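Listing of start11.cif; format and content: mmCIF, C-alpha atoms; chains and numbers go by the auth columns.
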```cif
data_work
loop_
_atom_site.group_PDB
_atom_site.id
_atom_site.type_symbol
_atom_site.label_atom_id
_atom_site.label_comp_id
_atom_site.label_asym_id
_atom_site.label_seq_id
_atom_site.Cartn_x
_atom_site.Cartn_y
_atom_site.Cartn_z
_atom_site.B_iso_or_equiv
_atom_site.auth_seq_id
_atom_site.auth_asym_id
ATOM 1 C CA MET A 1 15.681 19.414 -7.707 0.00 1 O
ATOM 2 C CA LEU A 2 14.718 20.223 -11.287 0.00 2 O
ATOM 3 C CA ASN A 3 12.754 23.418 -11.964 0.00 3 O
ATOM 4 C CA ALA A 4 9.817 21.543 -13.491 0.00 4 O
ATOM 5 C CA GLN A 5 9.789 19.146 -10.539 0.00 5 O
ATOM 6 C CA PHE A 6 9.898 22.071 -8.080 0.00 6 O
ATOM 7 C CA ASN A 7 7.049 23.836 -9.917 0.00 7 O
ATOM 8 C CA ILE A 8 4.871 20.728 -9.890 0.00 8 O
ATOM 9 C CA ILE A 9 5.354 19.982 -6.202 0.00 9 O
ATOM 10 C CA ASN A 10 4.728 23.613 -5.170 0.00 10 O
ATOM 11 C CA ASP A 11 1.653 24.058 -7.375 0.00 11 O
ATOM 12 C CA PRO A 12 -1.352 24.472 -5.021 0.00 12 O
ATOM 13 C CA ASP A 13 -3.577 22.547 -7.457 0.00 13 O
ATOM 14 C CA ILE A 14 -1.394 19.432 -7.141 0.00 14 O
ATOM 15 C CA VAL A 15 -2.938 17.487 -4.262 0.00 15 O
ATOM 16 C CA TRP A 16 -1.023 14.234 -4.681 0.00 16 O
ATOM 17 C CA ALA A 17 2.403 13.364 -6.084 0.00 17 O
ATOM 18 C CA ALA A 18 4.720 10.359 -5.949 0.00 18 O
ATOM 19 C CA TYR A 19 8.061 9.291 -7.339 0.00 19 O
ATOM 20 C CA ILE A 20 7.998 5.995 -9.197 0.00 20 O
ATOM 21 C CA THR A 21 10.718 3.954 -10.851 0.00 21 O
ATOM 22 C CA GLN A 22 9.975 1.466 -13.607 0.00 22 O
ATOM 23 C CA ASP A 23 12.128 -0.999 -15.524 0.00 23 O
ATOM 24 C CA TRP A 24 11.386 -1.359 -19.239 0.00 24 O
ATOM 25 C CA GLU A 25 12.701 -4.149 -21.415 0.00 25 O
ATOM 26 C CA MET A 26 13.641 -2.917 -24.883 0.00 26 O
ATOM 27 C CA ASP A 27 14.677 -4.574 -28.121 0.00 27 O
ATOM 28 C CA MET A 28 13.401 -7.956 -26.938 0.00 28 O
ATOM 29 C CA PRO A 29 13.533 -10.784 -29.502 0.00 29 O
ATOM 30 C CA LEU A 30 10.090 -11.449 -30.930 0.00 30 O
ATOM 31 C CA SER A 31 10.183 -15.132 -29.941 0.00 31 O
ATOM 32 C CA LYS A 32 10.704 -14.167 -26.281 0.00 32 O
ATOM 33 C CA GLU A 33 7.676 -11.851 -26.444 0.00 33 O
ATOM 34 C CA TRP A 34 5.459 -14.622 -27.730 0.00 34 O
ATOM 35 C CA ASP A 35 6.584 -16.961 -24.962 0.00 35 O
ATOM 36 C CA SER A 36 6.041 -14.464 -22.152 0.00 36 O
ATOM 37 C CA GLY A 37 3.103 -12.436 -23.448 0.00 37 O
ATOM 38 C CA VAL A 38 5.110 -9.242 -22.955 0.00 38 O
ATOM 39 C CA ILE A 39 4.520 -6.078 -24.945 0.00 39 O
ATOM 40 C CA THR A 40 7.690 -4.069 -25.553 0.00 40 O
ATOM 41 C CA VAL A 41 8.589 -0.746 -27.092 0.00 41 O
ATOM 42 C CA LYS A 42 9.863 -1.187 -30.633 0.00 42 O
ATOM 43 C CA HIS A 43 12.198 1.108 -32.533 0.00 43 O
ATOM 44 C CA VAL A 44 10.633 3.181 -35.302 0.00 44 O
ATOM 45 C CA PRO A 45 13.369 4.397 -37.678 0.00 45 O
ATOM 46 C CA VAL A 46 13.427 8.148 -38.299 0.00 46 O
ATOM 47 C CA HIS A 47 15.566 9.459 -41.143 0.00 47 O
ATOM 48 C CA HIS A 48 16.292 13.179 -41.443 0.00 48 O
ATOM 49 C CA GLY A 49 17.823 14.335 -44.716 0.00 49 O
ATOM 50 C CA GLY A 50 18.822 10.818 -45.708 0.00 50 O
ATOM 51 C CA LEU A 51 21.061 10.306 -42.688 0.00 51 O
ATOM 52 C CA SER A 52 20.699 7.193 -40.609 0.00 52 O
ATOM 53 C CA TYR A 53 22.498 5.770 -37.610 0.00 53 O
ATOM 54 C CA SER A 54 24.585 2.649 -37.832 0.00 54 O
ATOM 55 C CA SER A 55 22.429 0.884 -35.258 0.00 55 O
ATOM 56 C CA PRO A 56 18.673 0.954 -34.708 0.00 56 O
ATOM 57 C CA LEU A 57 19.080 0.154 -31.004 0.00 57 O
ATOM 58 C CA LEU A 58 18.377 2.873 -28.461 0.00 58 O
ATOM 59 C CA ALA A 59 21.193 1.504 -26.294 0.00 59 O
ATOM 60 C CA ASP A 60 23.753 2.130 -29.051 0.00 60 O
ATOM 61 C CA LEU A 61 22.496 5.663 -29.696 0.00 61 O
ATOM 62 C CA VAL A 62 22.599 6.641 -26.014 0.00 62 O
ATOM 63 C CA TYR A 63 25.964 4.973 -25.374 0.00 63 O
ATOM 64 C CA ASP A 64 27.524 6.644 -28.446 0.00 64 O
ATOM 65 C CA ALA A 65 26.219 10.052 -27.295 0.00 65 O
ATOM 66 C CA PHE A 66 27.703 9.408 -23.832 0.00 66 O
ATOM 67 C CA MET A 67 31.104 8.311 -25.169 0.00 67 O
ATOM 68 C CA SER A 68 31.302 11.310 -27.532 0.00 68 O
ATOM 69 C CA GLY A 69 30.519 13.723 -24.673 0.00 69 O
ATOM 70 C CA LYS A 70 27.232 14.910 -26.206 0.00 70 O
ATOM 71 C CA LEU A 71 25.100 13.493 -23.391 0.00 71 O
ATOM 72 C CA PRO A 72 25.752 14.641 -19.811 0.00 72 O
ATOM 73 C CA VAL A 73 25.408 11.630 -17.520 0.00 73 O
ATOM 74 C CA TYR A 74 25.302 11.134 -13.763 0.00 74 O
ATOM 75 C CA LYS A 75 25.981 8.456 -11.150 0.00 75 O
ATOM 76 C CA ASP A 76 22.688 8.955 -9.282 0.00 76 O
ATOM 77 C CA PRO A 77 18.996 9.032 -10.286 0.00 77 O
ATOM 78 C CA GLU A 78 18.661 12.613 -9.001 0.00 78 O
ATOM 79 C CA CYS A 79 21.307 13.633 -11.590 0.00 79 O
ATOM 80 C CA THR A 80 23.472 15.512 -9.083 0.00 80 O
ATOM 81 C CA ILE A 81 26.802 13.595 -9.249 0.00 81 O
ATOM 82 C CA PRO A 82 28.464 13.779 -12.694 0.00 82 O
ATOM 83 C CA GLN A 83 29.723 10.503 -14.159 0.00 83 O
ATOM 84 C CA ASP A 84 33.111 10.563 -15.840 0.00 84 O
ATOM 85 C CA LYS A 85 33.793 8.672 -19.060 0.00 85 O
ATOM 86 C CA TYR A 86 35.335 5.743 -17.213 0.00 86 O
ATOM 87 C CA LEU A 87 32.768 3.093 -16.345 0.00 87 O
ATOM 88 C CA ASP A 88 33.671 0.250 -14.019 0.00 88 O
ATOM 89 C CA TYR A 89 31.649 -2.282 -15.962 0.00 89 O
ATOM 90 C CA ARG A 90 33.743 -5.416 -15.651 0.00 90 O
ATOM 91 C CA THR A 91 37.127 -5.596 -14.017 0.00 91 O
ATOM 92 C CA ASP A 92 39.351 -8.622 -14.259 0.00 92 O
ATOM 93 C CA THR A 93 42.397 -9.137 -12.038 0.00 93 O
ATOM 94 C CA ILE A 94 45.370 -10.754 -13.728 0.00 94 O
ATOM 95 C CA ILE A 95 48.153 -12.096 -11.513 0.00 95 O
ATOM 96 C CA HIS A 96 51.437 -13.025 -13.153 0.00 96 O
ATOM 97 C CA PHE A 97 55.072 -13.399 -12.127 0.00 97 O
ATOM 98 C CA ASP A 98 58.189 -11.653 -13.351 0.00 98 O
ATOM 99 C CA PRO A 99 60.307 -14.512 -14.807 0.00 99 O
ATOM 100 C CA GLU A 100 63.561 -12.948 -13.617 0.00 100 O
ATOM 101 C CA THR A 101 62.691 -11.806 -10.086 0.00 101 O
ATOM 102 C CA PHE A 102 59.714 -14.122 -9.461 0.00 102 O
ATOM 103 C CA GLU A 103 57.928 -11.080 -8.078 0.00 103 O
ATOM 104 C CA GLU A 104 54.138 -11.295 -8.135 0.00 104 O
ATOM 105 C CA LEU A 105 52.661 -8.645 -10.446 0.00 105 O
ATOM 106 C CA ILE A 106 49.010 -7.654 -10.500 0.00 106 O
ATOM 107 C CA ALA A 107 47.351 -6.061 -13.517 0.00 107 O
ATOM 108 C CA TYR A 108 43.753 -5.009 -14.037 0.00 108 O
ATOM 109 C CA ALA A 109 41.827 -5.373 -17.272 0.00 109 O
ATOM 110 C CA TYR A 110 38.754 -3.212 -17.785 0.00 110 O
ATOM 111 C CA GLU A 111 36.050 -4.164 -20.235 0.00 111 O
ATOM 112 C CA GLU A 112 33.638 -1.649 -21.738 0.00 112 O
ATOM 113 C CA PRO A 113 30.006 -2.668 -22.069 0.00 113 O
ATOM 114 C CA ASN A 114 28.692 -3.678 -25.470 0.00 114 O
ATOM 115 C CA PRO A 115 25.338 -1.854 -25.631 0.00 115 O
ATOM 116 C CA GLU A 116 23.891 -4.242 -28.188 0.00 116 O
ATOM 117 C CA PHE A 117 24.256 -7.253 -25.891 0.00 117 O
ATOM 118 C CA ASP A 118 24.689 -5.868 -22.367 0.00 118 O
ATOM 119 C CA ILE A 119 21.906 -3.260 -22.155 0.00 119 O
ATOM 120 C CA ASN A 120 18.468 -4.853 -22.304 0.00 120 O
ATOM 121 C CA PHE A 121 16.562 -2.778 -19.781 0.00 121 O
ATOM 122 C CA TRP A 122 15.896 0.885 -19.131 0.00 122 O
ATOM 123 C CA ARG A 123 15.082 2.331 -15.732 0.00 123 O
ATOM 124 C CA VAL A 124 12.781 5.369 -15.798 0.00 124 O
ATOM 125 C CA ARG A 125 12.321 7.622 -12.754 0.00 125 O
ATOM 126 C CA GLN A 126 9.157 9.716 -12.861 0.00 126 O
ATOM 127 C CA LEU A 127 7.097 12.098 -10.806 0.00 127 O
ATOM 128 C CA ILE A 128 3.392 11.333 -11.156 0.00 128 O
ATOM 129 C CA TYR A 129 0.813 13.745 -9.824 0.00 129 O
ATOM 130 C CA TYR A 130 -2.874 14.617 -9.665 0.00 130 O
ATOM 131 C CA ASN A 131 -4.175 18.123 -10.406 0.00 131 O
ATOM 132 C CA LYS A 132 -7.477 18.763 -8.603 0.00 132 O
ATOM 133 C CA LYS A 133 -8.314 21.865 -10.680 0.00 133 O
ATOM 134 C CA THR A 134 -8.131 20.071 -14.027 0.00 134 O
ATOM 135 C CA ALA A 135 -8.977 16.627 -12.578 0.00 135 O
ATOM 136 C CA LEU A 136 -6.107 15.170 -14.605 0.00 136 O
ATOM 137 C CA TRP A 137 -3.182 12.891 -13.845 0.00 137 O
ATOM 138 C CA GLY A 138 0.233 13.883 -15.117 0.00 138 O
ATOM 139 C CA ALA A 139 3.742 12.494 -15.279 0.00 139 O
ATOM 140 C CA GLU A 140 7.161 14.074 -15.590 0.00 140 O
ATOM 141 C CA VAL A 141 10.130 11.899 -16.559 0.00 141 O
ATOM 142 C CA LEU A 142 12.995 12.960 -14.281 0.00 142 O
ATOM 143 C CA SER A 143 15.797 10.617 -15.332 0.00 143 O
ATOM 144 C CA ILE A 144 16.536 7.545 -17.431 0.00 144 O
ATOM 145 C CA ALA A 145 19.241 4.891 -17.061 0.00 145 O
ATOM 146 C CA PRO A 146 20.411 2.109 -19.355 0.00 146 O
ATOM 147 C CA VAL A 147 20.473 -0.987 -17.164 0.00 147 O
ATOM 148 C CA LEU A 148 22.980 -3.819 -17.308 0.00 148 O
ATOM 149 C CA HIS A 149 21.780 -7.332 -16.664 0.00 149 O
ATOM 150 C CA ASN A 150 24.476 -8.761 -14.381 0.00 150 O
ATOM 151 C CA LYS A 151 24.431 -12.494 -14.978 0.00 151 O
ATOM 152 C CA ARG A 152 26.735 -13.173 -12.037 0.00 152 O
ATOM 153 C CA TYR A 153 24.217 -14.132 -9.390 0.00 153 O
ATOM 154 C CA LYS A 154 24.806 -12.891 -5.870 0.00 154 O
ATOM 155 C CA ASP A 155 21.863 -14.111 -3.810 0.00 155 O
ATOM 156 C CA ASN A 156 19.060 -16.557 -4.537 0.00 156 O
ATOM 157 C CA ASP A 157 20.119 -17.058 -8.165 0.00 157 O
ATOM 158 C CA VAL A 158 18.433 -13.777 -9.102 0.00 158 O
ATOM 159 C CA PRO A 159 20.236 -11.686 -11.716 0.00 159 O
ATOM 160 C CA GLU A 160 21.054 -8.152 -10.669 0.00 160 O
ATOM 161 C CA LEU A 161 19.961 -5.130 -12.726 0.00 161 O
ATOM 162 C CA ILE A 162 22.556 -2.343 -12.459 0.00 162 O
ATOM 163 C CA PRO A 163 22.096 1.188 -13.889 0.00 163 O
ATOM 164 C CA LEU A 164 25.116 2.049 -16.053 0.00 164 O
ATOM 165 C CA PHE A 165 24.546 5.815 -15.683 0.00 165 O
ATOM 166 C CA TRP A 166 21.625 8.258 -15.464 0.00 166 O
ATOM 167 C CA PHE A 167 20.655 11.107 -17.781 0.00 167 O
ATOM 168 C CA ARG A 168 17.918 13.722 -17.894 0.00 168 O
ATOM 169 C CA PRO A 169 15.492 13.752 -20.803 0.00 169 O
ATOM 170 C CA VAL A 170 14.312 17.027 -22.268 0.00 170 O
ATOM 171 C CA ASN A 171 10.711 17.450 -21.140 0.00 171 O
ATOM 172 C CA HIS A 172 8.996 19.544 -23.790 0.00 172 O
ATOM 173 C CA ALA A 173 5.496 19.379 -22.342 0.00 173 O
ATOM 174 C CA ARG A 174 3.682 17.965 -19.367 0.00 174 O
ATOM 175 C CA ASN A 175 1.577 14.874 -19.960 0.00 175 O
#
```
So that I can check it, write out the structure of this file as structure tokens.
Amino acid sequence: MLNAQFNIINDPDIVWAAYITQDWEMDMPLSKEWDSGVITVKHVPVHHGGLSYSSPLLADLVYDAFMSGKLPVYKDPECTIPQDKYLDYRTDTIIHFDPETFEELIAYAYEEPNPEFDINFWRVRQLIYYNKKTALWGAEVLSIAPVLHNKRYKDNDVPELIPLFWFRPVNHARN
């Protein structure tokens, strides 16, 4: 349990608290927004000292930080099980035969996700609470996950949304 989370739950003025998880669609094409009436979060470029990133997409920035080891990531939304650099995104089994011995050989091909095309959603896990002393609602973001849209349907032709990994944001202030 995070310190901030522990402090909120044990605060005697907090009379109600709940964990919620939300899925946010980011970087949606404008034409899709018009068709569905959806409001999405848009990227606002920030340039410090003339430097800029190669991609304006949040997915690229987070994935690059993960791959470079600058962002600690986890397998679970509680951020307790560290995730190694290897991600089992897509695995393909290739069966071939040795032409001399005719022995069956099995090889596995692993494909890394392409953040620009594969990550369209973000899953946000929060603790929301009510403080009776101040009569205010508050929220603490506990973890965030880039979500893959698995287009291989399993049941009922419904696409599956799969968190790639989880990371903790830096909470500078309570809302």
Open item on the list: Taking the file as I've supplied it (selection: the PyMOL selection byres ((chain O and resi 101-117) around 8)), which residues are included? Please answer as a PyMOL selection string.
Closed with: chain O and resi 57+59-60+63+87-100+118-120
TODO: List the residues selected by the PyMOL selection byres ((chain O and resi 131-143) around 7) in the file shown, writing them as a VMD selection string.
DONE: chain O and resid 13 to 15 77 124 to 130 144 to 145 166 to 169 174 to 175
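Rounded to one decimal, atom CA of O:Leu148 and atom CA of O:Pro163 lie 6.1 Å from each other.
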TODO: Take atom CA of O:Asp23 and atom CA of O:Trp122 and report the distance between them in Å, one decimal.
DONE: 5.5 Å
Take every atom of stretch 68-83 of chain O listed in the file, pad by 4 Å on each side, and give me the axis-aligned box centre and edge lengths in Å, one decimal, as JSON.
```
{"center_x": 25.0, "center_y": 12.0, "center_z": -18.3, "size_x": 20.6, "size_y": 15.1, "size_z": 26.5}
```
Open item on the list: Could you check the closest approach to O:Arg123 for each of O:Ala18, O:Val62, O:Leu161, O:Val170 and tell me which residue wins, using only C-alpha atoms?
Closed with: O:Leu161
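The spacing separating atom CA of O:Ile162 from atom CA of O:Lys75 amounts to 11.4 Å.
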TODO: Please evaluate the PyMOL selection byres ((chain O and resi 72) around 10) against the displayed coordinates and give the resulting residues as a list of chain:residue names.
DONE: O:Ala65, O:Phe66, O:Met67, O:Gly69, O:Lys70, O:Leu71, O:Val73, O:Tyr74, O:Cys79, O:Pro82, O:Gln83, O:Asp84, O:Phe165, O:Trp166, O:Phe167, O:Arg168
